[in-house]
>>> print(open('data_14.cif').read())   # mmCIF, C-alpha atoms (C1' of nucleotides)
data_structure
loop_
_atom_site.group_PDB
_atom_site.id
_atom_site.type_symbol
_atom_site.label_atom_id
_atom_site.label_comp_id
_atom_site.auth_asym_id
_atom_site.auth_seq_id
_atom_site.Cartn_x
_atom_site.Cartn_y
_atom_site.Cartn_z
ATOM 1 C CA MET K 1267 24.888 -36.082 -140.525
ATOM 2 C CA THR K 1268 23.177 -37.019 -137.315
ATOM 3 C CA GLU K 1269 25.054 -38.192 -134.260
ATOM 4 C CA THR K 1270 24.207 -39.654 -130.884
ATOM 5 C CA PHE K 1271 25.306 -37.877 -127.736
ATOM 6 C CA VAL K 1272 25.052 -39.665 -124.409
ATOM 7 C CA PHE K 1273 25.231 -37.833 -121.082
ATOM 8 C CA GLU K 1274 25.666 -39.881 -117.933
ATOM 9 C CA ASN K 1275 24.661 -39.171 -114.321
ATOM 10 C CA ILE K 1276 22.006 -36.633 -115.227
ATOM 11 C CA ARG K 1277 20.150 -35.225 -112.253
ATOM 12 C CA ASP K 1278 17.240 -32.821 -111.930
ATOM 13 C CA LEU K 1279 16.065 -33.180 -115.510
ATOM 14 C CA ASP K 1280 12.604 -34.196 -116.620
ATOM 15 C CA LEU K 1281 11.951 -33.729 -120.320
ATOM 16 C CA LYS K 1282 8.199 -33.349 -119.979
ATOM 17 C CA GLN K 1283 8.522 -30.735 -117.263
ATOM 18 C CA THR K 1284 11.241 -28.895 -119.144
ATOM 19 C CA PHE K 1285 9.630 -28.907 -122.584
ATOM 20 C CA GLU K 1286 6.040 -28.399 -121.473
ATOM 21 C CA CYS K 1287 6.388 -25.647 -118.886
ATOM 22 C CA GLY K 1288 5.814 -22.931 -121.475
ATOM 23 C CA GLN K 1289 9.376 -21.832 -122.143
ATOM 24 C CA CYS K 1290 9.683 -23.427 -125.600
ATOM 25 C CA PHE K 1291 7.285 -24.383 -128.356
ATOM 26 C CA ARG K 1292 9.082 -26.650 -130.807
ATOM 27 C CA TRP K 1293 9.468 -29.910 -128.877
ATOM 28 C CA ASN K 1294 6.843 -32.637 -129.055
ATOM 29 C CA GLU K 1295 6.486 -35.865 -127.135
ATOM 30 C CA GLU K 1296 6.763 -39.165 -128.994
ATOM 31 C CA ARG K 1297 4.880 -42.319 -128.091
ATOM 32 C CA ASP K 1298 7.955 -43.671 -126.285
ATOM 33 C CA GLY K 1299 8.157 -40.607 -124.029
ATOM 34 C CA SER K 1300 11.096 -39.098 -125.890
ATOM 35 C CA TYR K 1301 10.925 -35.581 -127.361
ATOM 36 C CA THR K 1302 11.620 -34.517 -130.919
ATOM 37 C CA GLY K 1303 12.195 -30.924 -131.873
ATOM 38 C CA ILE K 1304 14.641 -28.297 -133.062
ATOM 39 C CA ALA K 1305 16.819 -25.674 -131.431
ATOM 40 C CA GLN K 1306 18.917 -23.130 -133.315
ATOM 41 C CA GLY K 1307 18.628 -25.098 -136.513
ATOM 42 C CA TYR K 1308 19.497 -28.477 -135.012
ATOM 43 C CA PRO K 1309 16.714 -31.073 -135.168
ATOM 44 C CA ALA K 1310 17.044 -33.820 -132.573
ATOM 45 C CA ASN K 1311 15.358 -36.445 -130.466
ATOM 46 C CA MET K 1312 15.985 -36.695 -126.718
ATOM 47 C CA LYS K 1313 15.357 -39.587 -124.428
ATOM 48 C CA LEU K 1314 16.031 -40.037 -120.730
ATOM 49 C CA GLU K 1315 16.711 -43.578 -119.538
ATOM 50 C CA GLY K 1316 17.201 -43.424 -115.813
ATOM 51 C CA ASP K 1317 20.055 -40.972 -115.389
ATOM 52 C CA ARG K 1318 21.267 -41.383 -118.970
ATOM 53 C CA LEU K 1319 20.304 -38.691 -121.450
ATOM 54 C CA ILE K 1320 20.477 -39.812 -125.068
ATOM 55 C CA ILE K 1321 20.301 -37.181 -127.782
ATOM 56 C CA GLU K 1322 20.162 -38.248 -131.405
ATOM 57 C CA GLY K 1323 20.299 -35.606 -134.062
ATOM 58 C CA TYR K 1324 22.286 -32.627 -135.269
ATOM 59 C CA GLY K 1325 24.394 -30.158 -133.330
ATOM 60 C CA THR K 1326 27.266 -30.863 -130.992
ATOM 61 C CA ARG K 1327 27.643 -32.313 -127.546
ATOM 62 C CA GLU K 1328 28.652 -28.884 -126.252
ATOM 63 C CA PHE K 1329 25.628 -27.241 -127.824
ATOM 64 C CA TRP K 1330 23.128 -29.618 -126.199
ATOM 65 C CA ALA K 1331 24.858 -29.479 -122.823
ATOM 66 C CA GLU K 1332 24.536 -25.723 -122.859
ATOM 67 C CA TYR K 1333 20.991 -25.759 -124.249
ATOM 68 C CA LEU K 1334 19.805 -27.994 -121.396
ATOM 69 C CA ASP K 1335 21.853 -26.057 -118.826
ATOM 70 C CA LEU K 1336 23.431 -29.344 -117.753
ATOM 71 C CA ASP K 1337 26.331 -27.736 -115.908
ATOM 72 C CA ARG K 1338 24.104 -25.907 -113.448
ATOM 73 C CA ASP K 1339 23.344 -27.491 -110.087
ATOM 74 C CA TYR K 1340 19.566 -27.262 -109.829
ATOM 75 C CA CYS K 1341 19.560 -29.248 -106.605
ATOM 76 C CA GLU K 1342 21.532 -26.484 -104.952
ATOM 77 C CA ILE K 1343 19.155 -23.824 -106.290
ATOM 78 C CA GLN K 1344 16.216 -25.807 -104.929
ATOM 79 C CA ALA K 1345 17.824 -25.891 -101.506
ATOM 80 C CA ILE K 1346 18.322 -22.136 -101.627
ATOM 81 C CA LEU K 1347 14.707 -21.524 -102.632
ATOM 82 C CA ALA K 1348 13.419 -23.888 -99.952
ATOM 83 C CA ALA K 1349 15.398 -21.972 -97.355
ATOM 84 C CA LYS K 1350 14.073 -18.635 -98.574
ATOM 85 C CA GLU K 1351 10.462 -19.745 -98.745
ATOM 86 C CA PRO K 1352 9.799 -22.934 -96.744
ATOM 87 C CA GLU K 1353 5.988 -22.786 -96.867
ATOM 88 C CA VAL K 1354 5.042 -23.553 -100.465
ATOM 89 C CA MET K 1355 8.273 -24.009 -102.398
ATOM 90 C CA PRO K 1356 9.300 -27.449 -101.083
ATOM 91 C CA GLU K 1357 6.040 -29.000 -102.240
ATOM 92 C CA ALA K 1358 6.147 -27.101 -105.518
ATOM 93 C CA MET K 1359 9.690 -28.264 -106.194
ATOM 94 C CA ALA K 1360 8.823 -31.840 -105.302
ATOM 95 C CA CYS K 1361 6.270 -31.680 -108.111
ATOM 96 C CA GLY K 1362 8.464 -30.064 -110.767
ATOM 97 C CA SER K 1363 12.021 -30.798 -109.665
ATOM 98 C CA GLY K 1364 13.061 -31.742 -113.207
ATOM 99 C CA ILE K 1365 12.378 -28.348 -114.750
ATOM 100 C CA ARG K 1366 15.393 -26.697 -116.311
ATOM 101 C CA ILE K 1367 15.583 -23.265 -117.876
ATOM 102 C CA LEU K 1368 16.802 -23.839 -121.414
ATOM 103 C CA CYS K 1369 19.490 -21.631 -122.914
ATOM 104 C CA GLN K 1370 17.630 -20.531 -126.012
ATOM 105 C CA ASP K 1371 18.677 -18.241 -128.807
ATOM 106 C CA LEU K 1372 17.748 -14.629 -128.054
ATOM 107 C CA TRP K 1373 16.211 -13.792 -131.426
ATOM 108 C CA GLU K 1374 14.163 -16.995 -131.543
ATOM 109 C CA THR K 1375 12.937 -16.277 -128.029
ATOM 110 C CA VAL K 1376 11.923 -12.744 -128.998
ATOM 111 C CA VAL K 1377 9.910 -14.137 -131.920
ATOM 112 C CA ASP K 1378 8.328 -16.916 -129.857
ATOM 113 C CA PHE K 1379 7.153 -14.655 -127.068
ATOM 114 C CA ILE K 1380 5.815 -11.880 -129.260
ATOM 115 C CA ILE K 1381 3.677 -14.592 -130.825
ATOM 116 C CA SER K 1382 2.739 -15.903 -127.380
ATOM 117 C CA GLN K 1383 0.903 -12.778 -126.261
ATOM 118 C CA ASN K 1384 -2.837 -13.153 -125.714
ATOM 119 C CA ASN K 1385 -2.557 -16.607 -127.216
ATOM 120 C CA ASN K 1386 -2.667 -20.249 -126.181
ATOM 121 C CA ILE K 1387 0.049 -22.860 -126.425
ATOM 122 C CA PRO K 1388 -1.375 -25.075 -129.205
ATOM 123 C CA ARG K 1389 -1.892 -22.065 -131.418
ATOM 124 C CA ILE K 1390 1.493 -20.560 -130.533
ATOM 125 C CA LYS K 1391 3.104 -23.822 -131.610
ATOM 126 C CA GLY K 1392 1.155 -23.859 -134.863
ATOM 127 C CA CYS K 1393 2.087 -20.251 -135.605
ATOM 128 C CA ILE K 1394 5.796 -20.905 -135.056
ATOM 129 C CA GLU K 1395 5.766 -24.033 -137.233
ATOM 130 C CA ARG K 1396 3.965 -22.253 -140.070
ATOM 131 C CA LEU K 1397 6.270 -19.262 -139.743
ATOM 132 C CA ALA K 1398 9.364 -21.475 -139.917
ATOM 133 C CA GLU K 1399 8.057 -23.479 -142.869
ATOM 134 C CA ALA K 1400 7.026 -20.407 -144.824
ATOM 135 C CA HIS K 1401 10.018 -18.145 -144.183
ATOM 136 C CA GLY K 1402 12.702 -19.985 -142.238
ATOM 137 C CA GLU K 1403 15.949 -21.495 -143.439
ATOM 138 C CA TYR K 1404 15.912 -25.178 -144.293
ATOM 139 C CA ALA K 1405 17.575 -27.112 -141.465
ATOM 140 C CA GLY K 1406 17.663 -30.633 -142.914
ATOM 141 C CA GLU K 1407 15.748 -33.889 -142.864
ATOM 142 C CA PHE K 1408 15.218 -35.702 -139.610
ATOM 143 C CA ARG K 1409 12.875 -38.574 -138.805
ATOM 144 C CA ASP K 1410 10.951 -38.346 -142.080
ATOM 145 C CA LYS K 1411 10.366 -34.645 -141.785
ATOM 146 C CA SER K 1412 11.830 -31.490 -143.302
ATOM 147 C CA TRP K 1413 12.838 -29.005 -140.629
ATOM 148 C CA TYR K 1414 13.006 -25.220 -140.814
ATOM 149 C CA ARG K 1415 14.446 -22.619 -138.494
ATOM 150 C CA VAL K 1416 12.663 -19.643 -137.026
ATOM 151 C CA PRO K 1417 13.170 -16.912 -139.675
ATOM 152 C CA THR K 1418 16.041 -14.507 -139.199
ATOM 153 C CA ALA K 1419 15.499 -10.851 -138.344
ATOM 154 C CA GLU K 1420 16.776 -9.990 -141.840
ATOM 155 C CA LYS K 1421 14.106 -12.151 -143.429
ATOM 156 C CA LEU K 1422 11.261 -10.878 -141.273
ATOM 157 C CA ALA K 1423 12.346 -7.268 -141.722
ATOM 158 C CA SER K 1424 12.011 -7.704 -145.484
ATOM 159 C CA LEU K 1425 8.366 -8.793 -145.267
ATOM 160 C CA GLU K 1426 5.072 -6.941 -145.128
ATOM 161 C CA PRO K 1427 2.108 -8.072 -142.998
ATOM 162 C CA GLU K 1428 0.332 -9.504 -146.051
ATOM 163 C CA ASP K 1429 3.313 -11.819 -146.637
ATOM 164 C CA LEU K 1430 2.576 -13.350 -143.218
ATOM 165 C CA ALA K 1431 -1.162 -13.801 -143.761
ATOM 166 C CA GLU K 1432 -0.836 -17.561 -144.308
ATOM 167 C CA VAL K 1433 0.918 -17.880 -140.941
ATOM 168 C CA ARG K 1434 -2.212 -16.501 -139.220
ATOM 169 C CA LEU K 1435 -0.371 -14.563 -136.550
ATOM 170 C CA GLY K 1436 -3.236 -12.110 -136.322
ATOM 171 C CA TYR K 1437 -2.288 -8.586 -135.274
ATOM 172 C CA ARG K 1438 1.081 -9.909 -134.030
ATOM 173 C CA ASP K 1439 2.441 -9.986 -137.601
ATOM 174 C CA LYS K 1440 2.946 -6.216 -137.482
ATOM 175 C CA TYR K 1441 4.780 -6.473 -134.159
ATOM 176 C CA LEU K 1442 7.099 -9.141 -135.527
ATOM 177 C CA ILE K 1443 8.059 -7.173 -138.632
ATOM 178 C CA GLU K 1444 8.506 -3.940 -136.693
ATOM 179 C CA THR K 1445 10.608 -5.696 -134.055
ATOM 180 C CA ALA K 1446 12.770 -7.329 -136.749
ATOM 181 C CA ARG K 1447 13.507 -3.885 -138.211
ATOM 182 C CA GLN K 1448 14.261 -2.450 -134.769
ATOM 183 C CA TRP K 1449 16.510 -5.455 -134.049
ATOM 184 C CA LEU K 1450 18.612 -4.794 -137.147
ATOM 185 C CA ALA K 1451 18.987 -1.136 -136.217
ATOM 186 C CA LYS K 1452 20.574 -2.014 -132.877
ATOM 187 C CA ASP K 1453 24.009 -3.292 -131.985
ATOM 188 C CA GLU K 1454 24.380 -6.571 -130.149
ATOM 189 C CA ASP K 1455 24.536 -5.060 -126.674
ATOM 190 C CA SER K 1456 21.457 -2.887 -126.984
ATOM 191 C CA ARG K 1457 19.438 -5.833 -128.300
ATOM 192 C CA CYS K 1458 19.540 -7.184 -124.755
ATOM 193 C CA ASP K 1459 17.319 -4.270 -123.754
ATOM 194 C CA VAL K 1460 14.369 -6.270 -125.035
ATOM 195 C CA GLY K 1461 11.634 -4.175 -123.459
ATOM 196 C CA CYS K 1462 11.814 -1.512 -126.146
ATOM 197 C CA PHE K 1463 10.710 -3.695 -129.055
ATOM 198 C CA THR K 1464 7.210 -3.266 -130.434
ATOM 199 C CA GLY K 1465 4.913 -5.927 -129.061
ATOM 200 C CA VAL K 1466 7.137 -6.547 -126.059
ATOM 201 C CA GLY K 1467 5.397 -5.405 -122.884
ATOM 202 C CA PRO K 1468 6.299 -6.265 -119.287
ATOM 203 C CA LYS K 1469 5.206 -9.899 -119.411
ATOM 204 C CA VAL K 1470 6.853 -10.765 -122.713
ATOM 205 C CA GLU K 1471 9.974 -8.859 -121.676
ATOM 206 C CA SER K 1472 10.294 -10.965 -118.521
ATOM 207 C CA CYS K 1473 9.865 -14.153 -120.528
ATOM 208 C CA ILE K 1474 12.573 -13.141 -122.967
ATOM 209 C CA ARG K 1475 14.932 -12.183 -120.141
ATOM 210 C CA LEU K 1476 14.367 -15.496 -118.404
ATOM 211 C CA PHE K 1477 14.254 -17.831 -121.403
ATOM 212 C CA GLY K 1478 16.353 -15.987 -123.983
ATOM 213 C CA LEU K 1479 18.949 -14.247 -121.828
ATOM 214 C CA HIS K 1480 18.955 -16.788 -118.996
ATOM 215 C CA GLU K 1481 18.440 -14.068 -116.409
ATOM 216 C CA LEU K 1482 17.136 -16.337 -113.674
ATOM 217 C CA ASP K 1483 15.832 -13.460 -111.561
ATOM 218 C CA ALA K 1484 13.285 -12.397 -114.207
ATOM 219 C CA PHE K 1485 9.763 -13.098 -112.954
ATOM 220 C CA PRO K 1486 7.096 -13.170 -115.693
ATOM 221 C CA ILE K 1487 3.643 -12.360 -114.356
ATOM 222 C CA ASP K 1488 0.778 -13.627 -116.467
ATOM 223 C CA VAL K 1489 -2.767 -14.636 -115.604
ATOM 224 C CA TRP K 1490 -1.610 -17.978 -114.219
ATOM 225 C CA VAL K 1491 1.008 -16.406 -111.996
ATOM 226 C CA LYS K 1492 -1.555 -13.911 -110.743
ATOM 227 C CA ARG K 1493 -3.790 -16.833 -109.798
ATOM 228 C CA LEU K 1494 -1.030 -18.724 -108.035
ATOM 229 C CA MET K 1495 0.250 -15.643 -106.231
ATOM 230 C CA ASN K 1496 -3.284 -15.135 -104.984
ATOM 231 C CA ARG K 1497 -3.734 -18.752 -103.978
ATOM 232 C CA PHE K 1498 -0.348 -19.359 -102.391
ATOM 233 C CA TYR K 1499 0.584 -15.949 -101.024
ATOM 234 C CA GLY K 1500 -2.702 -14.044 -100.762
ATOM 235 C CA PHE K 1501 -2.012 -11.268 -103.258
ATOM 236 C CA GLU K 1502 -4.878 -9.476 -104.963
ATOM 237 C CA GLU K 1503 -4.733 -10.458 -108.618
ATOM 238 C CA LYS K 1504 -4.398 -6.814 -109.641
ATOM 239 C CA ASP K 1505 -1.438 -6.210 -107.338
ATOM 240 C CA LYS K 1506 1.300 -6.846 -109.873
ATOM 241 C CA ALA K 1507 3.695 -4.422 -108.176
ATOM 242 C CA GLY K 1508 3.326 -6.310 -104.917
ATOM 243 C CA MET K 1509 4.060 -9.592 -106.679
ATOM 244 C CA ASP K 1510 7.147 -8.130 -108.329
ATOM 245 C CA ALA K 1511 8.449 -6.898 -104.992
ATOM 246 C CA PHE K 1512 7.711 -10.209 -103.292
ATOM 247 C CA ALA K 1513 9.509 -12.166 -106.016
ATOM 248 C CA ASN K 1514 12.526 -9.919 -105.747
ATOM 249 C CA ASP K 1515 12.643 -9.857 -101.942
ATOM 250 C CA VAL K 1516 11.858 -13.516 -101.268
ATOM 251 C CA PHE K 1517 13.161 -15.440 -104.283
ATOM 252 C CA GLY K 1518 15.879 -13.002 -105.348
ATOM 253 C CA GLU K 1519 18.283 -14.175 -108.014
ATOM 254 C CA TYR K 1520 16.266 -17.350 -108.688
ATOM 255 C CA ALA K 1521 12.817 -15.759 -108.900
ATOM 256 C CA GLY K 1522 12.309 -16.997 -112.453
ATOM 257 C CA LEU K 1523 12.982 -20.569 -111.481
ATOM 258 C CA ALA K 1524 10.682 -20.202 -108.477
ATOM 259 C CA GLN K 1525 8.009 -18.976 -110.865
ATOM 260 C CA GLN K 1526 8.473 -22.066 -113.010
ATOM 261 C CA TYR K 1527 8.161 -24.430 -110.047
ATOM 262 C CA LEU K 1528 5.050 -22.661 -108.804
ATOM 263 C CA PHE K 1529 3.609 -22.556 -112.306
ATOM 264 C CA TYR K 1530 4.094 -26.255 -112.806
ATOM 265 C CA TYR K 1531 2.769 -26.920 -109.317
ATOM 266 C CA ILE K 1532 -0.541 -25.110 -109.734
ATOM 267 C CA ARG K 1533 -1.145 -26.915 -113.009
ATOM 268 C CA CYS K 1534 -0.432 -30.236 -111.276
ATOM 269 C CA LEU K 1535 -2.931 -29.348 -108.560
ATOM 270 C CA GLU K 1536 -5.628 -28.515 -111.074
ATOM 271 C CA LYS K 1537 -5.329 -31.801 -112.914
ATOM 272 C "C1'" DT Z 559 -22.779 -18.180 -130.305
ATOM 273 C "C1'" DC Z 560 -19.536 -15.833 -127.725
ATOM 274 C "C1'" DG Z 561 -15.961 -15.589 -124.375
ATOM 275 C "C1'" DC Z 562 -11.477 -16.511 -123.689
ATOM 276 C "C1'" DA Z 563 -6.523 -17.757 -124.245
ATOM 277 C "C1'" DG Z 564 0.302 -17.520 -120.532
ATOM 278 C "C1'" DG Z 565 -0.785 -9.069 -123.397
ATOM 279 C "C1'" DT Z 566 0.183 -4.867 -125.745
ATOM 280 C "C1'" DG Z 567 -0.501 -0.257 -127.442
ATOM 281 C "C1'" DG Z 568 -3.418 3.507 -127.616
ATOM 282 C "C1'" DT Z 569 -6.625 6.530 -125.487
ATOM 283 C "C1'" DC Z 570 -8.977 8.579 -121.803
ATOM 284 C "C1'" DG Z 571 -9.829 10.788 -117.236
ATOM 285 C "C1'" DC X 390 -0.208 7.095 -113.912
ATOM 286 C "C1'" DG X 391 -4.284 3.582 -113.770
ATOM 287 C "C1'" DA X 392 -8.288 1.872 -115.934
ATOM 288 C "C1'" DC X 393 -10.344 0.575 -120.226
ATOM 289 C "C1'" DC X 394 -10.635 -1.481 -124.809
ATOM 290 C "C1'" DA X 395 -9.683 -3.157 -129.519
ATOM 291 C "C1'" DC X 396 -7.191 -6.645 -131.519
ATOM 292 C "C1'" DC X 397 -6.339 -11.822 -135.030
ATOM 293 C "C1'" DT X 398 -7.408 -16.511 -134.485
ATOM 294 C "C1'" DG X 399 -9.235 -20.962 -133.049
ATOM 295 C "C1'" DC X 400 -11.417 -23.763 -129.778
ATOM 296 C "C1'" DG X 401 -15.076 -25.314 -126.555
#
>>> encode(input="data_14.cif", output="structure tokens")
Amino acid sequence: MTETFVFENIRDLDLKQTFECGQCFRWNEERDGSYTGIAQGYPANMKLEGDRLIIEGYGTREFWAEYLDLDRDYCEIQAILAAKEPEVMPEAMACGSGIRILCQDLWETVVDFIISQNNNIPRIKGCIERLAEAHGEYAGEFRDKSWYRVPTAEKLASLEPEDLAEVRLGYRDKYLIETARQWLAKDEDSRCDVGCFTGVGPKVESCIRLFGLHELDAFPIDVWVKRLMNRFYGFEEKDKAGMDAFANDVFGEYAGLAQQYLFYYIRCLEK
DNA sequence: TCGCAGGTGGTCG
DNA sequence: CGACCACCTGCG
């Protein structure tokens, strides 16, 4: 049974910026500017009309409020970041002030970002959709479409790489199965130590910490961030350690959000 | 055609 | 350790 949830007085939220900044892969823009997608098994459509957010779909009001991080004051965080780094951040935040870090399910985030490695966004999205359709739990009908969840760790652990051939994950299929088995062997607390899973290196680990554990100080460094750190702050692109230290020293507890603003900013500049 | 795309793991020196 | 390099796949 679908419902409609309306949130009033929404500030600092832009659906395009939030859903297309690379943190999630299952939301797609409709012709009317709304977004349709699925989170934790709840298909929905979201639309922003002025400062009114209208969500039609499954789930609960509480779930969507948490998912979109609606209770956090992003304006305050922006002020803090502008004070810490007044040279580039104000302009960057003016460009992407509606970015929010979603509160995504940890396991789904692990799966998404293992798939994301050495890959591009259109193909990542295709891989996740095929994976969900082939092996995920049925999540219901919504807007003339059958929806499926990202497969559970139990399901993926039971598969062999050949079972995932149709999903065309490439060499990442082995990582996913191995990580699912490692996931099941851990208790809930030690699963948060995401760096020890197969196929999770430093970059993917930072993404999972930021997007799956909501650790806002995590600072993922990929090729784009290397370019922007070079362009905005003069780092050599190979100087990852220097970038890490800079992020920690200058941006501190909100380094991950700073990364998102800068990331969105450099892509705006290149358009 | 071939390099590359929001990297990682393995292997050298 | 740090520098290479293979790796699935699809697109320009």
>>> atom_distance(input="data_14.cif", atom1="CA of Gly1467 in chain K", atom2="C1' of DG399 in chain X")
23.7 Å
>>> residues_near_point(input="data_14.cif", point="(18.0, -17.1, -131.9)", cutoff="12 Å", atoms="only C-alpha atoms (C1' of nucleotides)", output="mmCIF file with C-alpha atoms, in the coordinates of the input")
data_model
loop_
_atom_site.group_PDB
_atom_site.id
_atom_site.type_symbol
_atom_site.label_atom_id
_atom_site.label_comp_id
_atom_site.auth_asym_id
_atom_site.auth_seq_id
_atom_site.Cartn_x
_atom_site.Cartn_y
_atom_site.Cartn_z
ATOM 1 C CA ILE K 1304 14.641 -28.297 -133.062
ATOM 2 C CA ALA K 1305 16.819 -25.674 -131.431
ATOM 3 C CA GLN K 1306 18.917 -23.130 -133.315
ATOM 4 C CA GLY K 1307 18.628 -25.098 -136.513
ATOM 5 C CA TYR K 1308 19.497 -28.477 -135.012
ATOM 6 C CA TYR K 1333 20.991 -25.759 -124.249
ATOM 7 C CA CYS K 1369 19.490 -21.631 -122.914
ATOM 8 C CA GLN K 1370 17.630 -20.531 -126.012
ATOM 9 C CA ASP K 1371 18.677 -18.241 -128.807
ATOM 10 C CA LEU K 1372 17.748 -14.629 -128.054
ATOM 11 C CA TRP K 1373 16.211 -13.792 -131.426
ATOM 12 C CA GLU K 1374 14.163 -16.995 -131.543
ATOM 13 C CA THR K 1375 12.937 -16.277 -128.029
ATOM 14 C CA VAL K 1376 11.923 -12.744 -128.998
ATOM 15 C CA VAL K 1377 9.910 -14.137 -131.920
ATOM 16 C CA ASP K 1378 8.328 -16.916 -129.857
ATOM 17 C CA GLY K 1402 12.702 -19.985 -142.238
ATOM 18 C CA ARG K 1415 14.446 -22.619 -138.494
ATOM 19 C CA VAL K 1416 12.663 -19.643 -137.026
ATOM 20 C CA PRO K 1417 13.170 -16.912 -139.675
ATOM 21 C CA THR K 1418 16.041 -14.507 -139.199
ATOM 22 C CA ALA K 1419 15.499 -10.851 -138.344
ATOM 23 C CA TRP K 1449 16.510 -5.455 -134.049
ATOM 24 C CA ARG K 1457 19.438 -5.833 -128.300
ATOM 25 C CA ILE K 1474 12.573 -13.141 -122.967
ATOM 26 C CA PHE K 1477 14.254 -17.831 -121.403
ATOM 27 C CA GLY K 1478 16.353 -15.987 -123.983
ATOM 28 C CA LEU K 1479 18.949 -14.247 -121.828
#
>>> resolve_selection(input="data_14.cif", expression="the PyMOL selection byres ((chain K) within 7 of (chain X))", output="list in words")
Leu1435, Gly1436 and Tyr1437 of chain K
>>> closest_residue(input="data_14.cif", among="K:Ala1513, K:Ile1365, K:Leu1281, K:Val1491", to="chain Z", atoms="only C-alpha atoms (C1' of nucleotides)")
K:Val1491
>>> closest_residue(input="data_14.cif", among="K:Asp1429, K:Glu1357, K:Asp1488, K:Asp1455", to="chain Z", atoms="all atoms listed in the file")
K:Asp1488
>>> resolve_selection(input="data_14.cif", expression="the PyMOL selection byres ((chain Z) within 6 of (chain K))", output="list in words")
DA563, DG564, DG565 and DT566 of chain Z
>>> residues_around(input="data_14.cif", residues="Met1355 in chain K", least_positions_apart="2", cutoff="12 Å", atoms="only C-alpha atoms (C1' of nucleotides)", output="mmCIF file with C-alpha atoms, keeping the file's coordinate frame")
data_model
loop_
_atom_site.group_PDB
_atom_site.id
_atom_site.type_symbol
_atom_site.label_atom_id
_atom_site.label_comp_id
_atom_site.auth_asym_id
_atom_site.auth_seq_id
_atom_site.Cartn_x
_atom_site.Cartn_y
_atom_site.Cartn_z
ATOM 1 C CA ILE K 1343 19.155 -23.824 -106.290
ATOM 2 C CA GLN K 1344 16.216 -25.807 -104.929
ATOM 3 C CA ALA K 1345 17.824 -25.891 -101.506
ATOM 4 C CA ILE K 1346 18.322 -22.136 -101.627
ATOM 5 C CA LEU K 1347 14.707 -21.524 -102.632
ATOM 6 C CA ALA K 1348 13.419 -23.888 -99.952
ATOM 7 C CA ALA K 1349 15.398 -21.972 -97.355
ATOM 8 C CA LYS K 1350 14.073 -18.635 -98.574
ATOM 9 C CA GLU K 1351 10.462 -19.745 -98.745
ATOM 10 C CA PRO K 1352 9.799 -22.934 -96.744
ATOM 11 C CA GLU K 1353 5.988 -22.786 -96.867
ATOM 12 C CA GLU K 1357 6.040 -29.000 -102.240
ATOM 13 C CA ALA K 1358 6.147 -27.101 -105.518
ATOM 14 C CA MET K 1359 9.690 -28.264 -106.194
ATOM 15 C CA ALA K 1360 8.823 -31.840 -105.302
ATOM 16 C CA CYS K 1361 6.270 -31.680 -108.111
ATOM 17 C CA GLY K 1362 8.464 -30.064 -110.767
ATOM 18 C CA SER K 1363 12.021 -30.798 -109.665
ATOM 19 C CA PHE K 1498 -0.348 -19.359 -102.391
ATOM 20 C CA TYR K 1499 0.584 -15.949 -101.024
ATOM 21 C CA VAL K 1516 11.858 -13.516 -101.268
ATOM 22 C CA PHE K 1517 13.161 -15.440 -104.283
ATOM 23 C CA ALA K 1521 12.817 -15.759 -108.900
ATOM 24 C CA LEU K 1523 12.982 -20.569 -111.481
ATOM 25 C CA ALA K 1524 10.682 -20.202 -108.477
ATOM 26 C CA GLN K 1525 8.009 -18.976 -110.865
ATOM 27 C CA GLN K 1526 8.473 -22.066 -113.010
ATOM 28 C CA TYR K 1527 8.161 -24.430 -110.047
ATOM 29 C CA LEU K 1528 5.050 -22.661 -108.804
ATOM 30 C CA PHE K 1529 3.609 -22.556 -112.306
ATOM 31 C CA TYR K 1530 4.094 -26.255 -112.806
ATOM 32 C CA TYR K 1531 2.769 -26.920 -109.317
ATOM 33 C CA ILE K 1532 -0.541 -25.110 -109.734
#
>>> atom_distance(input="data_14.cif", atom1="CA of Thr1270 in chain K", atom2="CA of Ile1321 in chain K")
5.6 Å
>>> resolve_selection(input="data_14.cif", expression="the PyMOL selection byres ((chain K and resi 1313-1320) around 8)", output="PyMOL selection string")
chain K and resi 1270-1277+1280-1281+1299-1301+1311-1312+1321-1322
>>> write_last_selection(input="data_14.cif", atoms="C-alpha atoms", output="mmCIF file, in the frame of the given file")
data_model
loop_
_atom_site.group_PDB
_atom_site.id
_atom_site.type_symbol
_atom_site.label_atom_id
_atom_site.label_comp_id
_atom_site.auth_asym_id
_atom_site.auth_seq_id
_atom_site.Cartn_x
_atom_site.Cartn_y
_atom_site.Cartn_z
ATOM 1 C CA THR K 1270 24.207 -39.654 -130.884
ATOM 2 C CA PHE K 1271 25.306 -37.877 -127.736
ATOM 3 C CA VAL K 1272 25.052 -39.665 -124.409
ATOM 4 C CA PHE K 1273 25.231 -37.833 -121.082
ATOM 5 C CA GLU K 1274 25.666 -39.881 -117.933
ATOM 6 C CA ASN K 1275 24.661 -39.171 -114.321
ATOM 7 C CA ILE K 1276 22.006 -36.633 -115.227
ATOM 8 C CA ARG K 1277 20.150 -35.225 -112.253
ATOM 9 C CA ASP K 1280 12.604 -34.196 -116.620
ATOM 10 C CA LEU K 1281 11.951 -33.729 -120.320
ATOM 11 C CA GLY K 1299 8.157 -40.607 -124.029
ATOM 12 C CA SER K 1300 11.096 -39.098 -125.890
ATOM 13 C CA TYR K 1301 10.925 -35.581 -127.361
ATOM 14 C CA ASN K 1311 15.358 -36.445 -130.466
ATOM 15 C CA MET K 1312 15.985 -36.695 -126.718
ATOM 16 C CA ILE K 1321 20.301 -37.181 -127.782
ATOM 17 C CA GLU K 1322 20.162 -38.248 -131.405
#
